[in-house]
Structure formats: C-alpha cells, structure tokens
$ cat run.pdb   # PDB, C-alpha atoms, pLDDT in the B column
ATOM      1  CA  MET K   1      10.621 -10.089  11.957  1.00 74.00           C
ATOM      2  CA  PRO K   2      10.406  -6.760  13.776  1.00 87.00           C
ATOM      3  CA  VAL K   3      10.392  -3.659  11.614  1.00 95.00           C
ATOM      4  CA  HIS K   4      13.580  -1.594  11.865  1.00 95.00           C
ATOM      5  CA  ASP K   5      14.171   2.089  12.505  1.00 95.00           C
ATOM      6  CA  TRP K   6      14.848   3.312   8.983  1.00 95.00           C
ATOM      7  CA  THR K   7      15.549   6.857  10.152  1.00 93.00           C
ATOM      8  CA  ARG K   8      18.999   5.604  11.175  1.00 92.00           C
ATOM      9  CA  VAL K   9      20.173   5.192   7.574  1.00 92.00           C
ATOM     10  CA  THR K  10      20.535   7.476   4.574  1.00 92.00           C
ATOM     11  CA  PRO K  11      17.721   7.752   1.992  1.00 90.00           C
ATOM     12  CA  ASN K  12      19.738   5.843  -0.636  1.00 90.00           C
ATOM     13  CA  ILE K  13      19.955   2.824   1.675  1.00 92.00           C
ATOM     14  CA  PHE K  14      16.210   2.965   2.283  1.00 92.00           C
ATOM     15  CA  HIS K  15      15.598   3.218  -1.475  1.00 90.00           C
ATOM     16  CA  ASP K  16      17.590   0.038  -2.008  1.00 91.00           C
ATOM     17  CA  PHE K  17      15.466  -1.795   0.552  1.00 93.00           C
ATOM     18  CA  HIS K  18      12.314  -0.115  -0.805  1.00 90.00           C
ATOM     19  CA  THR K  19      12.918  -1.608  -4.257  1.00 90.00           C
ATOM     20  CA  ALA K  20      13.834  -5.034  -2.897  1.00 93.00           C
ATOM     21  CA  TRP K  21      10.735  -5.210  -0.682  1.00 94.00           C
ATOM     22  CA  LEU K  22       8.363  -4.243  -3.478  1.00 91.00           C
ATOM     23  CA  SER K  23       9.995  -6.883  -5.673  1.00 91.00           C
ATOM     24  CA  GLU K  24       9.454  -9.540  -2.987  1.00 94.00           C
ATOM     25  CA  ILE K  25       5.801  -8.532  -2.588  1.00 92.00           C
ATOM     26  CA  ARG K  26       5.377  -8.722  -6.365  1.00 91.00           C
ATOM     27  CA  LYS K  27       6.927 -12.194  -6.506  1.00 93.00           C
ATOM     28  CA  THR K  28       4.855 -13.527  -3.624  1.00 94.00           C
ATOM     29  CA  LEU K  29       1.572 -12.177  -4.979  1.00 91.00           C
ATOM     30  CA  ASN K  30       2.260 -13.643  -8.415  1.00 90.00           C
ATOM     31  CA  GLN K  31       3.222 -17.050  -7.015  1.00 91.00           C
ATOM     32  CA  GLY K  32      -0.233 -18.036  -5.883  1.00 86.00           C
ATOM     33  CA  ILE K  33      -1.833 -15.382  -3.686  1.00 91.00           C
ATOM     34  CA  LEU K  34      -3.527 -13.587  -6.562  1.00 89.00           C
ATOM     35  CA  PRO K  35      -6.351 -15.331  -8.435  1.00 88.00           C
ATOM     36  CA  ASP K  36      -5.434 -16.604 -11.898  1.00 83.00           C
ATOM     37  CA  ASP K  37      -6.926 -13.609 -13.707  1.00 84.00           C
ATOM     38  CA  TYR K  38      -4.799 -11.077 -11.816  1.00 87.00           C
ATOM     39  CA  LEU K  39      -1.145 -10.069 -11.982  1.00 87.00           C
ATOM     40  CA  ALA K  40       1.190  -7.719 -10.087  1.00 87.00           C
ATOM     41  CA  ALA K  41       3.753  -5.520 -11.863  1.00 86.00           C
ATOM     42  CA  LEU K  42       6.262  -2.887 -10.767  1.00 86.00           C
ATOM     43  CA  GLU K  43       5.969   0.628 -12.104  1.00 76.00           C
ATOM     44  CA  GLN K  44       7.778   3.909 -11.502  1.00 58.00           C
ATOM     45  CA  SER K  45       6.900   7.566 -11.549  1.00 52.00           C
ATOM     46  CA  ALA K  46       8.014   9.765 -14.421  1.00 42.00           C
ATOM     47  CA  GLY K  47      11.582  10.893 -13.918  1.00 40.00           C
ATOM     48  CA  ASN K  48      12.123   8.427 -11.088  1.00 42.00           C
ATOM     49  CA  THR K  49      14.432   5.477 -11.673  1.00 37.00           C
ATOM     50  CA  VAL K  50      13.287   3.715  -8.498  1.00 40.00           C
ATOM     51  CA  PRO K  51      10.046   1.731  -8.786  1.00 40.00           C
ATOM     52  CA  ASP K  52       7.625   3.094  -6.199  1.00 57.00           C
ATOM     53  CA  ILE K  53       4.355   1.486  -7.199  1.00 65.00           C
ATOM     54  CA  LEU K  54       3.154  -2.086  -7.435  1.00 76.00           C
ATOM     55  CA  THR K  55       0.071  -2.316  -9.633  1.00 79.00           C
ATOM     56  CA  LEU K  56      -2.464  -5.121  -9.701  1.00 77.00           C
ATOM     57  CA  GLU K  57      -4.160  -5.719 -13.007  1.00 78.00           C
ATOM     58  CA  VAL K  58      -6.958  -7.971 -14.124  1.00 78.00           C
ATOM     59  CA  ASP K  59      -5.958  -9.867 -17.246  1.00 66.00           C
ATOM     60  CA  ALA K  60      -9.287 -10.724 -18.792  1.00 55.00           C
ATOM     61  CA  SER K  61     -11.432  -9.756 -21.755  1.00 49.00           C
ATOM     62  CA  ASP K  62     -14.470  -7.538 -21.325  1.00 44.00           C
ATOM     63  CA  GLN K  63     -16.700 -10.591 -21.683  1.00 44.00           C
ATOM     64  CA  GLU K  64     -14.903 -12.302 -18.813  1.00 50.00           C
ATOM     65  CA  LEU K  65     -15.007  -9.457 -16.279  1.00 47.00           C
ATOM     66  CA  ASP K  66     -18.446 -10.388 -14.927  1.00 49.00           C
ATOM     67  CA  ARG K  67     -17.212 -13.905 -14.296  1.00 48.00           C
ATOM     68  CA  ILE K  68     -14.518 -12.658 -11.910  1.00 48.00           C
ATOM     69  CA  ASP K  69     -16.638 -10.229  -9.904  1.00 55.00           C
ATOM     70  CA  ASP K  70     -16.242 -12.844  -7.172  1.00 57.00           C
ATOM     71  CA  PRO K  71     -12.546 -13.624  -7.767  1.00 62.00           C
ATOM     72  CA  HIS K  72     -11.750 -17.231  -6.991  1.00 65.00           C
ATOM     73  CA  GLY K  73      -9.066 -17.368  -4.318  1.00 69.00           C
ATOM     74  CA  ALA K  74      -9.831 -13.969  -2.786  1.00 83.00           C
ATOM     75  CA  VAL K  75     -11.454 -13.481   0.628  1.00 85.00           C
ATOM     76  CA  ALA K  76     -14.953 -12.078   1.088  1.00 83.00           C
ATOM     77  CA  VAL K  77     -15.186  -9.272   3.650  1.00 87.00           C
ATOM     78  CA  GLN K  78     -18.540 -10.609   4.803  1.00 81.00           C
ATOM     79  CA  GLU K  79     -16.994 -13.976   5.638  1.00 85.00           C
ATOM     80  CA  ARG K  80     -13.711 -12.726   7.140  1.00 86.00           C
ATOM     81  CA  PRO K  81     -13.396  -9.001   7.850  1.00 86.00           C
ATOM     82  CA  PRO K  82      -9.779  -7.755   7.823  1.00 89.00           C
ATOM     83  CA  GLN K  83      -8.233  -7.603  11.296  1.00 84.00           C
ATOM     84  CA  VAL K  84      -6.937  -4.054  11.773  1.00 88.00           C
ATOM     85  CA  ASP K  85      -6.994  -1.347  14.449  1.00 86.00           C
ATOM     86  CA  VAL K  86      -9.383   1.010  12.654  1.00 87.00           C
ATOM     87  CA  CYS K  87     -12.076   0.517  10.013  1.00 86.00           C
ATOM     88  CA  GLU K  88     -13.742   3.703   8.792  1.00 83.00           C
ATOM     89  CA  ASP K  89     -16.396   4.305   6.142  1.00 83.00           C
ATOM     90  CA  ILE K  90     -15.854   7.588   4.304  1.00 78.00           C
ATOM     91  CA  GLU K  91     -18.294   9.297   1.960  1.00 74.00           C
ATOM     92  CA  LEU K  92     -16.233  10.767  -0.865  1.00 67.00           C
ATOM     93  CA  GLU K  93     -16.327  14.554  -0.977  1.00 59.00           C
ATOM     94  CA  VAL K  94     -16.219  14.712  -4.759  1.00 49.00           C
ATOM     95  CA  VAL K  95     -18.627  15.337  -7.604  1.00 38.00           C
ATOM     96  CA  ARG K  96     -18.163  12.468  -9.992  1.00 37.00           C
ATOM     97  CA  GLN K  97     -17.942  13.726 -13.552  1.00 33.00           C
ATOM     98  CA  LYS K  98     -18.953  11.782 -16.592  1.00 29.00           C
ATOM     99  CA  GLN K  99     -15.887  10.813 -18.531  1.00 26.00           C
ATOM    100  CA  ILE K 100     -14.744   8.702 -21.431  1.00 23.00           C
ATOM    101  CA  SER K 101     -13.056   5.543 -20.228  1.00 24.00           C
ATOM    102  CA  ILE K 102     -10.657   3.872 -22.638  1.00 22.00           C
ATOM    103  CA  GLN K 103      -9.716   0.348 -21.636  1.00 27.00           C
ATOM    104  CA  HIS K 104      -7.846  -2.464 -23.306  1.00 27.00           C
ATOM    105  CA  ALA K 105      -9.428  -5.900 -23.433  1.00 32.00           C
ATOM    106  CA  SER K 106      -6.844  -6.820 -20.771  1.00 51.00           C
ATOM    107  CA  GLY K 107      -4.685  -4.912 -18.329  1.00 64.00           C
ATOM    108  CA  GLU K 108      -7.301  -3.016 -16.311  1.00 80.00           C
ATOM    109  CA  VAL K 109      -5.564  -1.630 -13.197  1.00 84.00           C
ATOM    110  CA  VAL K 110      -7.629  -2.502 -10.138  1.00 87.00           C
ATOM    111  CA  ALA K 111      -5.256  -1.792  -7.244  1.00 89.00           C
ATOM    112  CA  LEU K 112      -1.995  -0.122  -6.251  1.00 90.00           C
ATOM    113  CA  ILE K 113       0.532  -0.772  -3.505  1.00 91.00           C
ATOM    114  CA  GLU K 114       2.465   2.342  -2.478  1.00 91.00           C
ATOM    115  CA  LEU K 115       5.534   2.192  -0.246  1.00 91.00           C
ATOM    116  CA  ILE K 116       6.286   5.591   1.287  1.00 91.00           C
ATOM    117  CA  SER K 117       9.855   6.861   0.831  1.00 90.00           C
ATOM    118  CA  PRO K 118      11.680   9.727   2.576  1.00 92.00           C
ATOM    119  CA  ALA K 119      11.235  11.798  -0.591  1.00 90.00           C
ATOM    120  CA  ASN K 120       7.437  11.602  -0.263  1.00 91.00           C
ATOM    121  CA  LYS K 121       7.672  13.425   3.097  1.00 92.00           C
ATOM    122  CA  ARG K 122      10.609  15.721   2.447  1.00 91.00           C
ATOM    123  CA  THR K 123       8.611  18.820   1.465  1.00 93.00           C
ATOM    124  CA  PRO K 124       4.968  19.917   1.585  1.00 94.00           C
ATOM    125  CA  ASP K 125       4.917  19.881  -2.228  1.00 94.00           C
ATOM    126  CA  ASN K 126       6.154  16.275  -2.378  1.00 93.00           C
ATOM    127  CA  LEU K 127       3.540  15.178   0.137  1.00 92.00           C
ATOM    128  CA  GLN K 128       0.844  17.050  -1.792  1.00 93.00           C
ATOM    129  CA  ILE K 129       1.822  15.286  -5.019  1.00 92.00           C
ATOM    130  CA  PHE K 130       1.632  11.898  -3.298  1.00 91.00           C
ATOM    131  CA  LYS K 131      -1.693  12.728  -1.659  1.00 91.00           C
ATOM    132  CA  GLU K 132      -3.257  13.798  -4.931  1.00 91.00           C
ATOM    133  CA  LYS K 133      -1.927  10.709  -6.729  1.00 89.00           C
ATOM    134  CA  VAL K 134      -3.595   8.393  -4.206  1.00 90.00           C
ATOM    135  CA  TYR K 135      -6.794  10.455  -4.203  1.00 91.00           C
ATOM    136  CA  ALA K 136      -6.960  10.366  -8.004  1.00 90.00           C
ATOM    137  CA  ALA K 137      -6.629   6.582  -7.967  1.00 89.00           C
ATOM    138  CA  ILE K 138      -9.352   6.150  -5.354  1.00 91.00           C
ATOM    139  CA  ILE K 139     -11.929   8.343  -7.094  1.00 89.00           C
ATOM    140  CA  GLN K 140     -11.331   6.302 -10.257  1.00 89.00           C
ATOM    141  CA  GLY K 141     -12.289   3.170  -8.316  1.00 89.00           C
ATOM    142  CA  ILE K 142      -8.728   1.858  -7.876  1.00 90.00           C
ATOM    143  CA  HIS K 143      -8.039   0.273  -4.484  1.00 92.00           C
ATOM    144  CA  VAL K 144      -4.846   1.380  -2.735  1.00 92.00           C
ATOM    145  CA  LEU K 145      -2.619  -0.129  -0.042  1.00 94.00           C
ATOM    146  CA  VAL K 146      -0.167   2.353   1.502  1.00 94.00           C
ATOM    147  CA  ILE K 147       2.794   1.101   3.549  1.00 94.00           C
ATOM    148  CA  ASP K 148       4.566   3.714   5.676  1.00 95.00           C
ATOM    149  CA  ILE K 149       7.383   2.416   7.902  1.00 96.00           C
ATOM    150  CA  LEU K 150       8.767   5.914   8.436  1.00 95.00           C
ATOM    151  CA  PRO K 151       7.640   7.957  11.464  1.00 95.00           C
ATOM    152  CA  PRO K 152       5.544  11.088  10.935  1.00 95.00           C
ATOM    153  CA  GLY K 153       7.377  14.342  10.350  1.00 92.00           C
ATOM    154  CA  ARG K 154       6.431  17.993  10.488  1.00 92.00           C
ATOM    155  CA  HIS K 155       4.461  17.709   7.239  1.00 93.00           C
ATOM    156  CA  ASP K 156       2.457  14.625   8.329  1.00 93.00           C
ATOM    157  CA  PRO K 157       2.164  14.874  12.146  1.00 93.00           C
ATOM    158  CA  ARG K 158      -0.800  12.458  12.182  1.00 92.00           C
ATOM    159  CA  GLY K 159       0.886   9.972   9.882  1.00 93.00           C
ATOM    160  CA  ILE K 160       0.120   9.136   6.296  1.00 93.00           C
ATOM    161  CA  HIS K 161      -3.501   8.157   6.992  1.00 94.00           C
ATOM    162  CA  GLY K 162      -3.985  11.533   8.656  1.00 92.00           C
ATOM    163  CA  VAL K 163      -2.942  13.099   5.354  1.00 92.00           C
ATOM    164  CA  LEU K 164      -4.880  10.782   3.036  1.00 92.00           C
ATOM    165  CA  GLY K 165      -7.966  10.449   5.211  1.00 87.00           C
ATOM    166  CA  SER K 166      -8.445  14.197   5.408  1.00 86.00           C
ATOM    167  CA  ARG K 167      -8.162  14.457   1.614  1.00 88.00           C
ATOM    168  CA  ILE K 168     -10.806  11.783   1.082  1.00 85.00           C
ATOM    169  CA  GLY K 169     -13.137  13.343   3.645  1.00 79.00           C
ATOM    170  CA  GLY K 170     -12.679  11.105   6.679  1.00 78.00           C
ATOM    171  CA  ASN K 171     -12.598  11.913  10.372  1.00 80.00           C
ATOM    172  CA  GLU K 172      -9.517  13.414  11.982  1.00 84.00           C
ATOM    173  CA  PHE K 173      -7.132  10.559  12.696  1.00 88.00           C
ATOM    174  CA  ASP K 174      -5.386  10.288  16.066  1.00 89.00           C
ATOM    175  CA  LEU K 175      -2.102   8.473  15.496  1.00 90.00           C
ATOM    176  CA  PRO K 176      -1.058   6.609  18.677  1.00 93.00           C
ATOM    177  CA  ALA K 177       2.190   8.072  19.997  1.00 93.00           C
ATOM    178  CA  ASP K 178       3.534   4.606  20.796  1.00 95.00           C
ATOM    179  CA  ARG K 179       2.654   3.221  17.317  1.00 95.00           C
ATOM    180  CA  PRO K 180       3.744   5.888  14.820  1.00 96.00           C
ATOM    181  CA  LEU K 181       4.061   3.697  11.705  1.00 96.00           C
ATOM    182  CA  THR K 182       1.012   3.235   9.484  1.00 96.00           C
ATOM    183  CA  LEU K 183      -0.388   0.620   7.129  1.00 96.00           C
ATOM    184  CA  ALA K 184      -3.583   1.715   5.383  1.00 95.00           C
ATOM    185  CA  SER K 185      -5.737  -0.104   2.845  1.00 96.00           C
ATOM    186  CA  TYR K 186      -8.413   1.866   0.983  1.00 95.00           C
ATOM    187  CA  GLU K 187     -11.353   0.013  -0.551  1.00 95.00           C
ATOM    188  CA  ALA K 188     -12.596   2.274  -3.335  1.00 92.00           C
ATOM    189  CA  GLY K 189     -16.198   2.664  -4.402  1.00 86.00           C
ATOM    190  CA  VAL K 190     -19.122   5.077  -4.093  1.00 83.00           C
ATOM    191  CA  SER K 191     -17.860   5.384  -0.535  1.00 88.00           C
ATOM    192  CA  VAL K 192     -14.375   4.524   0.652  1.00 91.00           C
ATOM    193  CA  ARG K 193     -13.639   2.087   3.444  1.00 92.00           C
ATOM    194  CA  ALA K 194     -10.280   2.596   5.165  1.00 92.00           C
ATOM    195  CA  TYR K 195      -8.599  -0.255   7.033  1.00 95.00           C
ATOM    196  CA  VAL K 196      -5.793   1.170   9.174  1.00 95.00           C
ATOM    197  CA  GLN K 197      -3.165  -0.664  11.200  1.00 96.00           C
ATOM    198  CA  THR K 198      -0.610   1.211  13.309  1.00 96.00           C
ATOM    199  CA  MET K 199       2.629  -0.292  14.570  1.00 96.00           C
ATOM    200  CA  ALA K 200       5.949   0.572  16.197  1.00 96.00           C
ATOM    201  CA  VAL K 201       9.592  -0.104  15.458  1.00 95.00           C
ATOM    202  CA  GLY K 202      10.366  -3.560  16.837  1.00 94.00           C
ATOM    203  CA  GLN K 203       6.940  -5.032  16.076  1.00 95.00           C
ATOM    204  CA  ALA K 204       6.206  -7.712  13.501  1.00 96.00           C
ATOM    205  CA  PHE K 205       3.869  -7.061  10.597  1.00 96.00           C
ATOM    206  CA  ARG K 206       0.325  -8.291  10.282  1.00 93.00           C
ATOM    207  CA  PRO K 207      -0.983  -9.190   6.829  1.00 94.00           C
ATOM    208  CA  MET K 208      -2.847  -6.306   5.209  1.00 96.00           C
ATOM    209  CA  PRO K 209      -5.872  -6.534   2.910  1.00 96.00           C
ATOM    210  CA  LEU K 210      -5.512  -5.512  -0.719  1.00 93.00           C
ATOM    211  CA  PHE K 211      -8.847  -5.239  -2.518  1.00 92.00           C
ATOM    212  CA  LEU K 212      -9.397  -6.623  -6.014  1.00 89.00           C
ATOM    213  CA  ARG K 213     -13.126  -5.951  -6.201  1.00 88.00           C
ATOM    214  CA  ARG K 214     -15.555  -4.323  -3.802  1.00 88.00           C
ATOM    215  CA  ASP K 215     -15.881  -6.638  -0.766  1.00 88.00           C
ATOM    216  CA  TRP K 216     -13.161  -9.024  -2.039  1.00 90.00           C
ATOM    217  CA  TYR K 217      -9.512  -8.932  -1.024  1.00 93.00           C
ATOM    218  CA  VAL K 218      -6.283 -10.873  -0.727  1.00 93.00           C
ATOM    219  CA  GLU K 219      -3.921 -10.656   2.227  1.00 94.00           C
ATOM    220  CA  VAL K 220      -0.475  -9.216   1.494  1.00 94.00           C
ATOM    221  CA  PRO K 221       2.166 -11.091   3.548  1.00 95.00           C
ATOM    222  CA  LEU K 222       4.234  -8.102   4.664  1.00 96.00           C
ATOM    223  CA  GLU K 223       6.161 -10.057   7.302  1.00 97.00           C
ATOM    224  CA  SER K 224       7.639 -12.757   5.058  1.00 96.00           C
ATOM    225  CA  THR K 225       8.357 -10.371   2.178  1.00 96.00           C
ATOM    226  CA  TYR K 226      10.057  -7.887   4.501  1.00 97.00           C
ATOM    227  CA  GLN K 227      12.207 -10.732   5.841  1.00 97.00           C
ATOM    228  CA  ALA K 228      13.165 -11.836   2.326  1.00 96.00           C
ATOM    229  CA  ALA K 229      14.168  -8.295   1.360  1.00 96.00           C
ATOM    230  CA  TRP K 230      16.123  -7.922   4.605  1.00 96.00           C
ATOM    231  CA  ASP K 231      18.002 -11.166   4.003  1.00 95.00           C
ATOM    232  CA  GLY K 232      19.288  -9.777   0.698  1.00 94.00           C
ATOM    233  CA  ALA K 233      20.438  -6.442   2.113  1.00 93.00           C
ATOM    234  CA  PRO K 234      24.214  -5.813   2.369  1.00 93.00           C
ATOM    235  CA  ARG K 235      25.631  -6.849   5.729  1.00 91.00           C
ATOM    236  CA  GLN K 236      27.206  -3.439   6.183  1.00 90.00           C
ATOM    237  CA  TRP K 237      23.807  -1.765   5.959  1.00 91.00           C
ATOM    238  CA  ARG K 238      22.160  -4.268   8.263  1.00 91.00           C
ATOM    239  CA  ARG K 239      24.767  -3.455  10.911  1.00 90.00           C
ATOM    240  CA  LEU K 240      23.576   0.146  10.863  1.00 89.00           C
ATOM    241  CA  LEU K 241      20.077  -1.024  11.793  1.00 91.00           C
ATOM    242  CA  THR K 242      20.701  -3.905  14.177  1.00 84.00           C
ATOM    243  CA  SER K 243      23.181  -5.183  16.704  1.00 64.00           C
ATOM    244  CA  ASP K 244      25.431  -8.083  15.652  1.00 49.00           C
ATOM    245  CA  SER K 245      23.302 -10.496  17.647  1.00 44.00           C
ATOM    246  CA  GLU K 246      20.121  -9.503  15.773  1.00 47.00           C
ATOM    247  CA  GLU K 247      21.655  -9.628  12.325  1.00 45.00           C
TER     248      GLU K 247
END

$ encode --input "run.pdb" --output "structure tokens"
Amino acid sequence: MPVHDWTRVTPNIFHDFHTAWLSEIRKTLNQGILPDDYLAALEQSAGNTVPDILTLEVDASDQELDRIDDPHGAVAVQERPPQVDVCEDIELEVVRQKQISIQHASGEVVALIELISPANKRTPDNLQIFKEKVYAAIIQGIHVLVIDILPPGRHDPRGIHGVLGSRIGGNEFDLPADRPLTLASYEAGVSVRAYVQTMAVGQAFRPMPLFLRRDWYVEVPLESTYQAAWDGAPRQWRRLLTSDSEE
C-alpha cells in the first residue's frame, strides 16, 4: 500500500505505528525468510521504552559458523543484485584498531534494522547520537538497514543517507526533491556498500536487502509488513492520515 504522510500526526501516534511495524517485520522474518540459523529480535535503547531496533543474530556454535558463510535461503549478490536507485562502494575512513572480541557460542549480532522516529531528527544532538550508533555498528562489521519514512528536516536536508553516508566517507548524496523518503541498506566489510532507495508519500514499498554475510542477503518485505501494521492501527488515527474511501 502507499506510504502515508506521517508528518500529519503527533509523534506518539507515529511511535505506536513504529512499534507495530517493527513487530510485523520481526514476525515475517522469523516465519521463513531468515535461514534456520538466524533469528530476529526486538531491542530498545537505554532509557527508551519503545523498541527502536530489530537485531538479526546467528544462532550457531563457533564450529558451525564456517558452515553458514553461504547461508542457505539467502540470496547471493552475484546472482541477483538488489534493485535500488543507488549502489555506492565506500572506503571506510577509519583506522581499525585491534581489540578483544568476546562472543558467546551463540547470539552473534550480524545485522540491525533501524526505523527512524521523529525523536531521531528533533535536535542536532539526537541526530548525532543516531549517526554514531549506526557508524559504530558498521565499523564492527554489522550490516544495517535504515528505514526513514519521514521527510528531511533542517538537520538532515539531504535525508538520512546524506547524514550516514557522509559519516562513513561516501560521496555527497543528492536527495531527489520529488522522492524525499529514504531506505538505505549498508553492507559492512573492509569497504561499505550502500544500497539506497528513495520514495515519495503515496508510493508502495519495494523489498530492501538486509545482509547476513558479505555478498549474501535476504529481502525484507516492507510492503506487506507495513500493511499489516496499518491494519492494526486505531481507526481514529487512520482517519488522520487517509480519507474515508482510502481507509
């Protein structure tokens, strides 16, 4: 279904939908899209009662990790490159430090899904915190899918990929004026590959790639999960976003 104009409602209404949509994505991924060795789980930031992150974990012992380097059920980039507007290779502008890595035999986080909220864009400090959180994940080798269905504001005039891409070291991003909403998937590694899709209010979603391993991804069905979350929204709130005939 076409994405709605979420600037027409209060932040608390968006937060309700935000939580419902992430829950639908979690359910759909866990019901057969993810390979057997992977799972999706909701998490929340410290001090925040609203889940804002969906993590993907590999549930396997250290001895089994090599076996799932080519995860059964995922798509190989070489065989089917993701269909997006922009694909950019970015050399990370970071000196990688040696560090001690402590991992459990299971539960290694391999990817994150972040759904942008009004609070992320409200102040420069909030946007900086979000930017650094995503950057920290990427330089640790964690793949990230960012979903931003809010238009750019004064703190992110080039959209969320304009903010994140500049932090990673990418080219200046020109956000199309007629497609101000942004979906961006970052494939982490020695270099970062950004897959960016822009869209407008009233357009339907395309599936977006979410990487599990370098060169291997699953497609996140944003359209069907958005519809499921919308169907569960209170009728009174839906009236604020649509005409009676579109409800």

$ residues_near_point --input "run.pdb" --point "(3.4, -13.9, 4.2)" --cutoff "12 Å" --atoms "all atoms listed in the file" --output "list in words"
Met1, Glu24, Ile25, Arg26, Lys27, Thr28, Leu29, Gln31, Gly32, Ile33, Ala204, Phe205, Arg206, Pro207, Met208, Pro209, Val218, Glu219, Val220, Pro221, Leu222, Glu223, Ser224, Thr225, Tyr226, Gln227 and Ala228 of chain K

$ axis_aligned_box --input "run.pdb" --around "segment 154-171 of chain K" --padding-each-side "4 Å" --output "JSON"
{"center_x": -3.4, "center_y": 13.1, "center_z": 6.6, "size_x": 27.6, "size_y": 17.8, "size_z": 19.1}

$ atom_distance --input "run.pdb" --atom1 "atom CA of Ile160 of chain K" --atom2 "atom CA of Val86 of chain K"
14.0 Å

$ closest_atom_pairs --input "run.pdb" --of "segment 180-238 of chain K" --to "segment 119-143 of chain K" --cutoff "9 Å" --atoms "all atoms listed in the file" --output "CSV"
residue,atom,partner,partner_atom,distance
K:Ser185,CA,K:His143,CA,7.7
K:Tyr186,CA,K:His143,CA,5.7
K:Glu187,CA,K:His143,CA,5.1
K:Ala188,CA,K:Gly141,CA,5.1
K:Gly189,CA,K:Gly141,CA,5.6
K:Val190,CA,K:Gly141,CA,8.3
K:Val192,CA,K:Ile138,CA,8.0
K:Leu210,CA,K:His143,CA,7.4
K:Phe211,CA,K:His143,CA,5.9
K:Leu212,CA,K:His143,CA,7.2
K:Arg213,CA,K:His143,CA,8.2
K:Arg214,CA,K:His143,CA,8.8

$ closest_residue --input "run.pdb" --among "K:Pro176, K:Asn171, K:Asn12, K:Leu39" --to "Val109 of chain K" --atoms "only C-alpha atoms"
K:Leu39

$ resolve_selection --input "run.pdb" --expression "the PyMOL selection byres ((chain K and resi 172) around 10)" --output "PyMOL selection string"
chain K and resi 158+161-163+165-166+169-171+173-175

$ atom_distance --input "run.pdb" --atom1 "atom CA of Trp237 of chain K" --atom2 "atom CA of Ala20 of chain K"
13.7 Å

$ atom_distance --input "run.pdb" --atom1 "atom CA of Leu115 of chain K" --atom2 "atom CA of Phe17 of chain K"
10.7 Å

$ resolve_selection --input "run.pdb" --expression "the PyMOL selection byres ((chain K and resi 90) around 8)" --output "VMD selection string"
chain K and resid 88 to 89 91 to 92 168 to 170 191 to 194

$ closest_residue --input "run.pdb" --among "K:Val75, K:Leu150, K:Ala40, K:Leu54" --to "Asp5 of chain K" --atoms "only C-alpha atoms"
K:Leu150

$ closest_residue --input "run.pdb" --among "K:Leu22, K:Val9, K:Val58, K:Ala184" --to "Glu43 of chain K" --atoms "all atoms listed in the file"
K:Leu22

$ resolve_selection --input "run.pdb" --expression "the PyMOL selection byres ((chain K and resi 78) around 12)" --output "list in words"
Val75, Ala76, Val77, Glu79, Arg80, Pro81, Pro82, Arg214, Asp215, Trp216 and Tyr217 of chain K

$ decode --input "run.pdb" --residues "segment 202-217 of chain K" --atoms "N, CA and C atoms" --output "PDB file, in the first residue's frame"
ATOM      1  N   GLY K 202       2.722   8.205  -0.882  1.00  0.00           N
ATOM      2  CA  GLY K 202       1.798   7.722  -1.908  1.00  0.00           C
ATOM      3  C   GLY K 202       2.344   6.588  -2.740  1.00  0.00           C
ATOM      4  N   GLN K 203       3.642   6.286  -2.615  1.00  0.00           N
ATOM      5  CA  GLN K 203       4.240   5.184  -3.351  1.00  0.00           C
ATOM      6  C   GLN K 203       4.257   3.925  -2.502  1.00  0.00           C
ATOM      7  N   ALA K 204       4.253   2.784  -3.173  1.00  0.00           N
ATOM      8  CA  ALA K 204       4.372   1.500  -2.482  1.00  0.00           C
ATOM      9  C   ALA K 204       5.840   1.184  -2.254  1.00  0.00           C
ATOM     10  N   PHE K 205       6.102   0.333  -1.276  1.00  0.00           N
ATOM     11  CA  PHE K 205       7.464  -0.048  -0.945  1.00  0.00           C
ATOM     12  C   PHE K 205       7.993  -1.126  -1.877  1.00  0.00           C
ATOM     13  N   ARG K 206       9.277  -1.074  -2.140  1.00  0.00           N
ATOM     14  CA  ARG K 206       9.989  -2.199  -2.726  1.00  0.00           C
ATOM     15  C   ARG K 206      10.623  -2.999  -1.586  1.00  0.00           C
ATOM     16  N   PRO K 207      10.873  -4.277  -1.791  1.00  0.00           N
ATOM     17  CA  PRO K 207      11.663  -5.010  -0.793  1.00  0.00           C
ATOM     18  C   PRO K 207      13.060  -4.411  -0.706  1.00  0.00           C
ATOM     19  N   MET K 208      13.644  -4.449   0.485  1.00  0.00           N
ATOM     20  CA  MET K 208      15.006  -3.952   0.664  1.00  0.00           C
ATOM     21  C   MET K 208      15.919  -5.081   1.127  1.00  0.00           C
ATOM     22  N   PRO K 209      17.174  -5.062   0.671  1.00  0.00           N
ATOM     23  CA  PRO K 209      18.109  -6.115   1.091  1.00  0.00           C
ATOM     24  C   PRO K 209      18.576  -5.893   2.518  1.00  0.00           C
ATOM     25  N   LEU K 210      18.698  -6.981   3.253  1.00  0.00           N
ATOM     26  CA  LEU K 210      19.296  -6.969   4.585  1.00  0.00           C
ATOM     27  C   LEU K 210      20.380  -8.039   4.574  1.00  0.00           C
ATOM     28  N   PHE K 211      21.626  -7.643   4.788  1.00  0.00           N
ATOM     29  CA  PHE K 211      22.747  -8.557   4.629  1.00  0.00           C
ATOM     30  C   PHE K 211      22.984  -9.369   5.892  1.00  0.00           C
ATOM     31  N   LEU K 212      23.247 -10.656   5.699  1.00  0.00           N
ATOM     32  CA  LEU K 212      23.572 -11.579   6.779  1.00  0.00           C
ATOM     33  C   LEU K 212      25.069 -11.868   6.816  1.00  0.00           C
ATOM     34  N   ARG K 213      25.650 -11.967   5.652  1.00  0.00           N
ATOM     35  CA  ARG K 213      27.081 -12.151   5.454  1.00  0.00           C
ATOM     36  C   ARG K 213      27.469 -11.296   4.251  1.00  0.00           C
ATOM     37  N   ARG K 214      28.737 -11.035   4.084  1.00  0.00           N
ATOM     38  CA  ARG K 214      29.193 -10.295   2.924  1.00  0.00           C
ATOM     39  C   ARG K 214      28.732 -11.011   1.659  1.00  0.00           C
ATOM     40  N   ASP K 215      28.054 -10.285   0.784  1.00  0.00           N
ATOM     41  CA  ASP K 215      27.558 -10.790  -0.505  1.00  0.00           C
ATOM     42  C   ASP K 215      26.331 -11.682  -0.395  1.00  0.00           C
ATOM     43  N   TRP K 216      25.735 -11.819   0.809  1.00  0.00           N
ATOM     44  CA  TRP K 216      24.536 -12.633   0.975  1.00  0.00           C
ATOM     45  C   TRP K 216      23.480 -11.831   1.734  1.00  0.00           C
ATOM     46  N   TYR K 217      22.258 -11.844   1.225  1.00  0.00           N
ATOM     47  CA  TYR K 217      21.209 -11.045   1.843  1.00  0.00           C
ATOM     48  C   TYR K 217      19.851 -11.735   1.751  1.00  0.00           C
TER      49      TYR K 217
END
